[in-house]
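**Q** To be precise about what I am sending: the file is called run12.txt and holds compact mmCIF, C-alpha atoms and all ligand atoms.
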# COMPACT_ATOMS: atom_id res chain seq x y z
CA MET A 16 56.59 -26.42 29.19
CA ILE A 17 55.57 -23.04 30.62
CA ALA A 18 54.14 -20.15 28.60
CA VAL A 19 54.91 -16.74 30.13
CA ALA A 20 51.90 -14.74 29.04
CA ASN A 21 49.98 -11.53 29.61
CA GLN A 22 48.46 -9.60 26.73
CA LYS A 23 49.62 -6.34 28.26
CA GLY A 24 53.02 -5.09 27.22
CA GLY A 25 55.64 -3.96 29.70
CA VAL A 26 54.47 -6.07 32.63
CA GLY A 27 57.65 -8.12 32.97
CA LYS A 28 57.03 -11.17 30.76
CA THR A 29 60.39 -11.08 29.03
CA THR A 30 62.24 -10.13 32.20
CA THR A 31 60.60 -13.02 34.03
CA ALA A 32 61.27 -15.44 31.16
CA ILE A 33 64.98 -14.52 31.02
CA ASN A 34 65.66 -14.41 34.73
CA LEU A 35 63.53 -17.37 35.78
CA ALA A 36 65.09 -19.45 32.98
CA THR A 37 68.51 -18.37 34.23
CA ALA A 38 67.70 -19.17 37.86
CA LEU A 39 66.41 -22.63 36.91
CA ALA A 40 69.50 -23.28 34.79
CA LEU A 41 71.71 -22.30 37.75
CA GLN A 42 69.96 -25.06 39.69
CA ASP A 43 71.28 -27.56 37.15
CA LYS A 44 68.06 -27.75 35.21
CA ARG A 45 68.36 -28.00 31.44
CA VAL A 46 66.33 -25.06 30.20
CA LEU A 47 65.24 -23.90 26.76
CA LEU A 48 63.78 -20.43 26.31
CA ILE A 49 61.77 -19.84 23.15
CA ASP A 50 61.45 -16.17 22.17
CA LEU A 51 58.02 -16.03 20.56
CA ASP A 52 57.76 -12.23 20.59
CA PRO A 53 58.61 -10.58 17.25
CA GLN A 54 60.22 -7.76 19.24
CA GLY A 55 62.87 -10.26 20.24
CA ASN A 56 63.62 -8.72 23.63
CA ALA A 57 64.41 -12.07 25.23
CA SER A 58 66.96 -12.75 22.50
CA THR A 59 68.60 -9.34 22.87
CA GLY A 60 68.44 -9.66 26.66
CA LEU A 61 70.45 -12.87 26.42
CA GLY A 62 73.06 -11.30 24.21
CA ILE A 63 71.82 -12.46 20.79
CA ALA A 64 71.84 -9.26 18.75
CA TYR A 65 69.14 -8.60 16.18
CA ASP A 66 71.40 -8.85 13.14
CA GLY A 67 73.27 -11.83 14.55
CA ARG A 68 70.17 -14.00 14.46
CA ASP A 69 69.71 -16.87 12.06
CA ALA A 70 66.65 -19.08 11.83
CA GLY A 71 64.67 -19.13 15.06
CA ALA A 72 61.12 -19.23 16.36
CA TYR A 73 59.58 -18.48 12.96
CA ALA A 74 61.32 -21.45 11.37
CA LEU A 75 60.11 -23.58 14.28
CA ILE A 76 56.49 -22.54 14.27
CA ALA A 77 55.89 -21.86 10.56
CA GLU A 78 58.23 -24.36 8.94
CA GLY A 79 58.46 -27.04 11.60
CA ALA A 80 62.27 -26.77 11.46
CA ALA A 81 64.25 -29.05 13.76
CA LEU A 82 65.40 -27.51 17.06
CA ASP A 83 68.92 -28.69 16.34
CA GLY A 84 69.47 -25.97 13.77
CA LEU A 85 67.75 -23.23 15.80
CA ILE A 86 69.18 -23.46 19.28
CA CYS A 87 71.72 -20.87 20.43
CA ASP A 88 73.97 -21.25 23.44
CA THR A 89 73.92 -18.51 26.07
CA ALA A 90 76.45 -17.40 28.67
CA ILE A 91 74.83 -19.89 31.04
CA GLU A 92 75.75 -23.41 30.12
CA SER A 93 72.46 -25.21 30.64
CA LEU A 94 70.32 -22.38 29.26
CA HIS A 95 69.61 -22.50 25.54
CA LEU A 96 67.61 -20.10 23.40
CA VAL A 97 65.52 -20.27 20.27
CA PRO A 98 65.73 -16.61 19.23
CA ALA A 99 63.01 -14.60 17.56
CA ASP A 100 64.00 -14.41 13.92
CA ASN A 101 63.26 -11.51 11.66
CA GLU A 102 60.30 -13.19 9.94
CA LEU A 103 58.43 -13.84 13.18
CA ALA A 104 56.42 -10.62 12.84
CA GLY A 105 54.79 -12.06 9.73
CA ALA A 106 53.85 -15.36 11.34
CA GLU A 107 50.51 -14.19 12.78
CA ILE A 108 49.25 -13.36 9.30
CA GLU A 109 50.92 -16.22 7.54
CA LEU A 110 49.56 -18.91 9.80
CA VAL A 111 45.96 -17.74 9.48
CA ASP A 112 45.22 -19.83 6.39
CA ARG A 113 46.86 -22.97 7.71
CA GLU A 114 44.99 -26.04 8.72
CA ARG A 115 45.42 -26.66 12.47
CA ARG A 116 47.13 -23.26 12.71
CA GLU A 117 46.77 -23.26 16.49
CA TYR A 118 48.84 -26.43 16.83
CA CYS A 119 51.94 -25.51 14.80
CA LEU A 120 54.23 -24.98 17.79
CA LYS A 121 52.94 -28.01 19.66
CA GLN A 122 53.46 -30.20 16.63
CA ALA A 123 56.96 -28.88 16.00
CA LEU A 124 58.00 -29.54 19.60
CA ASP A 125 56.18 -32.85 20.09
CA ASP A 126 57.97 -34.26 17.06
CA ASP A 127 61.41 -33.01 18.07
CA PRO A 128 63.73 -35.36 19.99
CA ARG A 129 65.80 -32.44 21.34
CA ALA A 130 62.79 -30.99 23.11
CA GLN A 131 62.68 -34.10 25.30
CA GLY A 132 66.16 -33.32 26.63
CA TYR A 133 65.04 -30.24 28.58
CA ASP A 134 63.70 -30.11 32.13
CA PHE A 135 61.97 -26.82 31.37
CA ILE A 136 60.91 -25.08 28.19
CA LEU A 137 59.82 -21.48 28.77
CA ILE A 138 58.02 -19.53 26.07
CA ASP A 139 58.18 -15.74 26.12
CA CYS A 140 54.88 -14.65 24.54
CA PRO A 141 54.14 -11.42 22.65
CA PRO A 142 51.87 -8.79 24.23
CA SER A 143 48.65 -9.94 22.56
CA LEU A 144 46.27 -12.86 22.59
CA GLY A 145 46.84 -13.57 18.90
CA LEU A 146 47.86 -16.73 17.12
CA LEU A 147 51.41 -16.81 18.49
CA THR A 148 50.24 -16.70 22.11
CA LEU A 149 47.51 -19.20 21.29
CA ASN A 150 50.14 -21.56 19.89
CA ALA A 151 52.16 -21.16 23.08
CA LEU A 152 49.13 -21.88 25.30
CA ILE A 153 48.36 -25.01 23.31
CA ALA A 154 51.93 -26.32 23.29
CA ALA A 155 52.46 -25.59 26.99
CA GLY A 156 51.53 -27.57 30.06
CA SER A 157 51.03 -24.44 32.11
CA VAL A 158 50.91 -20.68 32.00
CA LEU A 159 52.80 -18.24 34.22
CA VAL A 160 51.39 -14.72 34.40
CA PRO A 161 53.53 -11.75 35.39
CA LEU A 162 51.39 -9.06 36.98
CA GLN A 163 52.77 -5.55 37.21
CA CYS A 164 51.88 -3.84 40.47
CA GLU A 165 49.93 -0.93 38.98
CA PHE A 166 46.38 0.24 38.26
CA PHE A 167 44.21 -1.95 35.99
CA ALA A 168 46.60 -4.88 36.36
CA LEU A 169 43.82 -7.17 37.51
CA GLU A 170 41.40 -6.23 34.74
CA GLY A 171 43.85 -7.32 32.09
CA VAL A 172 44.42 -10.56 33.90
CA SER A 173 40.76 -11.52 34.02
CA GLN A 174 40.71 -11.34 30.23
CA LEU A 175 43.74 -13.58 30.10
CA ILE A 176 42.14 -16.05 32.52
CA ARG A 177 39.07 -16.23 30.29
CA THR A 178 41.32 -16.95 27.32
CA VAL A 179 43.10 -19.68 29.25
CA ASP A 180 39.71 -21.22 30.12
CA ARG A 181 38.68 -21.08 26.49
CA VAL A 182 41.94 -22.68 25.35
CA ARG A 183 41.41 -25.39 27.93
CA ARG A 184 37.91 -26.15 26.64
CA ALA A 185 38.69 -25.99 22.94
CA PHE A 186 42.31 -27.07 22.49
CA ASN A 187 44.36 -28.09 25.51
CA PRO A 188 42.29 -29.62 28.35
CA THR A 189 45.32 -30.21 30.61
CA LEU A 190 46.59 -26.59 30.55
CA ARG A 191 47.30 -25.53 34.14
CA MET A 192 47.70 -22.11 35.72
CA GLU A 193 51.24 -22.23 37.06
CA GLY A 194 50.69 -19.03 38.97
CA LEU A 195 50.81 -15.25 38.96
CA VAL A 196 54.01 -13.36 39.75
CA LEU A 197 53.87 -9.82 41.10
CA THR A 198 56.51 -7.77 39.28
CA MET A 199 58.03 -4.31 39.63
CA PHE A 200 56.87 -4.12 43.21
CA ASP A 201 57.82 -0.81 44.78
CA ARG A 202 57.79 -0.79 48.56
CA ARG A 203 57.67 3.00 48.69
CA ASN A 204 54.49 3.07 46.68
CA ASN A 205 51.18 2.28 48.39
CA LEU A 206 49.67 1.29 45.09
CA SER A 207 52.03 -1.67 44.87
CA GLU A 208 50.79 -2.92 48.24
CA LEU A 209 47.18 -2.42 47.19
CA VAL A 210 47.56 -4.30 43.93
CA ALA A 211 49.42 -7.10 45.68
CA ALA A 212 46.70 -7.40 48.33
CA ASP A 213 43.97 -7.35 45.67
CA ALA A 214 45.72 -10.01 43.61
CA ARG A 215 46.14 -12.26 46.64
CA GLY A 216 42.52 -11.68 47.67
CA PHE A 217 41.30 -12.59 44.22
CA PHE A 218 43.65 -15.35 43.13
CA GLY A 219 44.71 -16.69 46.52
CA GLU A 220 47.49 -19.24 46.45
CA GLN A 221 47.85 -18.94 42.71
CA VAL A 222 49.91 -15.84 43.42
CA PHE A 223 53.53 -16.72 44.15
CA GLU A 224 54.73 -15.60 47.56
CA THR A 225 57.92 -14.34 45.97
CA VAL A 226 57.53 -10.77 44.80
CA ILE A 227 59.85 -9.26 42.19
CA PRO A 228 60.92 -5.77 43.30
CA ARG A 229 61.44 -2.86 40.98
CA ASN A 230 65.21 -2.89 40.60
CA ILE A 231 67.19 -0.85 38.10
CA ARG A 232 69.87 -3.56 37.89
CA ILE A 233 67.34 -5.78 36.10
CA SER A 234 66.84 -3.41 33.20
CA GLU A 235 70.51 -2.42 33.13
CA ALA A 236 71.41 -6.09 32.81
CA GLN A 237 69.05 -6.45 29.85
CA SER A 238 70.61 -3.53 28.05
CA HIS A 239 73.96 -5.30 28.44
CA GLY A 240 72.53 -8.52 27.00
CA LYS A 241 72.77 -10.34 30.31
CA PRO A 242 70.46 -11.93 32.83
CA ALA A 243 70.51 -10.04 36.15
CA HIS A 244 72.46 -12.85 37.82
CA LEU A 245 75.45 -12.37 35.52
CA TYR A 246 75.30 -8.60 35.76
CA ASP A 247 74.90 -8.30 39.51
CA ALA A 248 74.21 -11.56 41.31
CA LYS A 249 73.59 -9.76 44.60
CA SER A 250 71.04 -7.31 43.22
CA SER A 251 67.56 -7.54 44.70
CA GLY A 252 66.22 -8.50 41.26
CA ALA A 253 68.59 -11.42 40.73
CA VAL A 254 67.96 -12.64 44.28
CA ALA A 255 64.18 -12.42 43.81
CA TYR A 256 64.23 -14.45 40.61
CA ALA A 257 66.36 -17.10 42.32
CA ALA A 258 63.73 -17.25 45.07
CA LEU A 259 60.98 -17.52 42.45
CA ALA A 260 62.76 -20.50 40.89
CA ASP A 261 63.02 -22.13 44.33
CA GLU A 262 59.35 -21.55 44.97
CA LEU A 263 58.36 -22.91 41.57
CA LEU A 264 60.47 -26.04 42.03
CA ALA A 265 59.03 -26.59 45.52
CA ARG A 266 55.48 -26.19 44.22
CA LEU A 267 56.09 -28.64 41.40
CA ALA A 268 57.60 -31.15 43.83
CA ASP A 269 54.53 -30.82 46.07
CA LYS A 270 52.22 -31.38 43.12
CA LYS A 271 54.16 -34.47 42.11
CA ALA A 272 54.02 -35.84 45.65
CA ALA A 273 50.26 -35.24 45.79
CA ARG A 274 49.70 -37.28 42.65
P1 LIG B 301 57.03 -7.39 28.72
O1 LIG B 301 57.86 -8.52 28.18
O2 LIG B 301 55.84 -7.86 29.49
O3 LIG B 301 56.65 -6.41 27.66
P2 LIG B 301 59.46 -6.53 30.00
O4 LIG B 301 59.94 -7.70 30.76
O5 LIG B 301 60.13 -6.27 28.68
O6 LIG B 301 57.89 -6.60 29.81
O7 LIG B 301 59.59 -5.27 30.96
C1 LIG B 301 59.29 -3.95 30.51
C2 LIG B 301 60.38 -2.99 30.94
O8 LIG B 301 60.44 -2.94 32.35
C3 LIG B 301 61.76 -3.40 30.46
O9 LIG B 301 62.46 -2.23 30.12
C4 LIG B 301 62.39 -4.05 31.67
O10 LIG B 301 63.78 -3.92 31.68
C5 LIG B 301 61.73 -3.30 32.79
N1 LIG B 301 61.57 -4.15 33.99
C6 LIG B 301 60.94 -5.35 34.05
N2 LIG B 301 60.95 -5.83 35.31
C7 LIG B 301 61.60 -4.91 36.06
C8 LIG B 301 61.94 -4.81 37.46
N3 LIG B 301 61.60 -5.78 38.33
N4 LIG B 301 62.61 -3.72 37.88
C9 LIG B 301 62.94 -2.73 37.00
N5 LIG B 301 62.66 -2.76 35.69
C10 LIG B 301 62.00 -3.83 35.21
MG MG B 302 58.34 -8.97 26.20
Would it be possible to restate this file's structure as structure tokens?

**A**
Amino acid sequence: MIAVANQKGGVGKTTTAINLATALALQDKRVLLIDLDPQGNASTGLGIAYDGRDAGAYALIAEGAALDGLICDTAIESLHLVPADNELAGAEIELVDRERREYCLKQALDDDPRAQGYDFILIDCPPSLGLLTLNALIAAGSVLVPLQCEFFALEGVSQLIRTVDRVRRAFNPTLRMEGLVLTMFDRRNNLSELVAADARGFFGEQVFETVIPRNIRISEAQSHGKPAHLYDAKSSGAVAYAALADELLARLADKKAAR
């Protein structure tokens, strides 16, 4: 299970969650995407309209509802979605008084037989380090961090890394850093190159070699409720996310072989 997290908004979390999930599903992996952001952009981006949503991530995390009743099909056969439901915005406040409030998502998924049927579960986190993201970091085996190629990108990430360390010490000792993905890279902009070089200097091999370019087709696709692959499979964005999936699968295979 991979949490896609960065407390900054607009850095490409949802875009990465949608398009990486799609690329993995196209490689015959069974993939579940959980939309844990009350804004519900991952749900909309996969064609599940706001008013068409029934019970979703809120029912899962706050009520421990079974996945069976929450999962939506998408246009890609082996990609399923737990949408953000309309109550999710209230979850942060509602969970505060619960016992073991940080473990609600983990418990719901650990107990659910359908969760075992997926090769990958991706969680699209909200842009904060609140209780929803904390639940995702505790349920997940690893965290994937999209990093937008712009000023101050690295400062935000160091705060996230500290949070991940804290979660590891206090709640989830086996949480791994899956890696950092450079997003919205613009070749015509020197700043993109600078940020990329800085990130690689600082985080080394934790930064994926695959870089996601700024590509208008990606955001167009989202506004049509489609992953980039289904909107324009040849677009640089769709191709980059396919390469990211390849790289992720190769890395995971290497890790397995090293064990
Ligand atoms: P987050 O989930 O971190 O808030 P999003 O994935 O929603 O960020 O991205 C923010 C905005 O940038 C969205 O409008 C999205 O369509 C757009 N966007 C994301 N990645 C790209 C990209 N590689 N090229 C062009 N636009 C992008
Ligand atoms: Mg988002």

**Q** Would you mind listing the residues within 7 Å of ligand MG 302 (chain B), counting all atoms listed in the file, as a PyMOL selection string?

**A** chain A and resi 24-25+27-29+52+56-57+139-142

**Q** Name the residues in contact with segment 222-238 of chain A at a cut-off of 7 Å, using only C-alpha atoms, excluding same-chain residues fewer than 5 positions from it; report them as a PyMOL selection string.

**A** chain A and resi 60+194-201+215+243+246+250-252+255-256+258-259

**Q** Any idea what's packed within 8 Å of segment 120-128 of chain A, counting only C-alpha atoms, ignoring anything in its chain fewer than 5 positions away? Could you give it as a ChimeraX atom specification?

**A** /A:75-76,79-82,150-151,153-155

**Q** Counting all atoms listed in the file, write as a PyMOL selection string all protein and nucleic acid residues lying at most 7 Å from (61.7, -12.8, 18.1) in the file's frame.

**A** chain A and resi 50-55+58+72+98-101+103

**Q** Measuring between only C-alpha atoms and all ligand atoms, which one of A:Gln42, A:Asn21, A:Ser207, A:Ser173 shows the shortest distance to ligand LIG 301 (chain B)?

**A**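 When distances to ligand LIG 301 (chain B) are compared using only C-alpha atoms and all ligand atoms, the smallest one comes from A:Asn21.
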
**Q** So what do you get for atom CA of Thr189 of chain A versus atom P2 of ligand LIG 301 (chain B), distance-wise?

**A**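 Result for atom CA of Thr189 of chain A versus atom P2 of ligand LIG 301 (chain B): 27.6 Å, one decimal.
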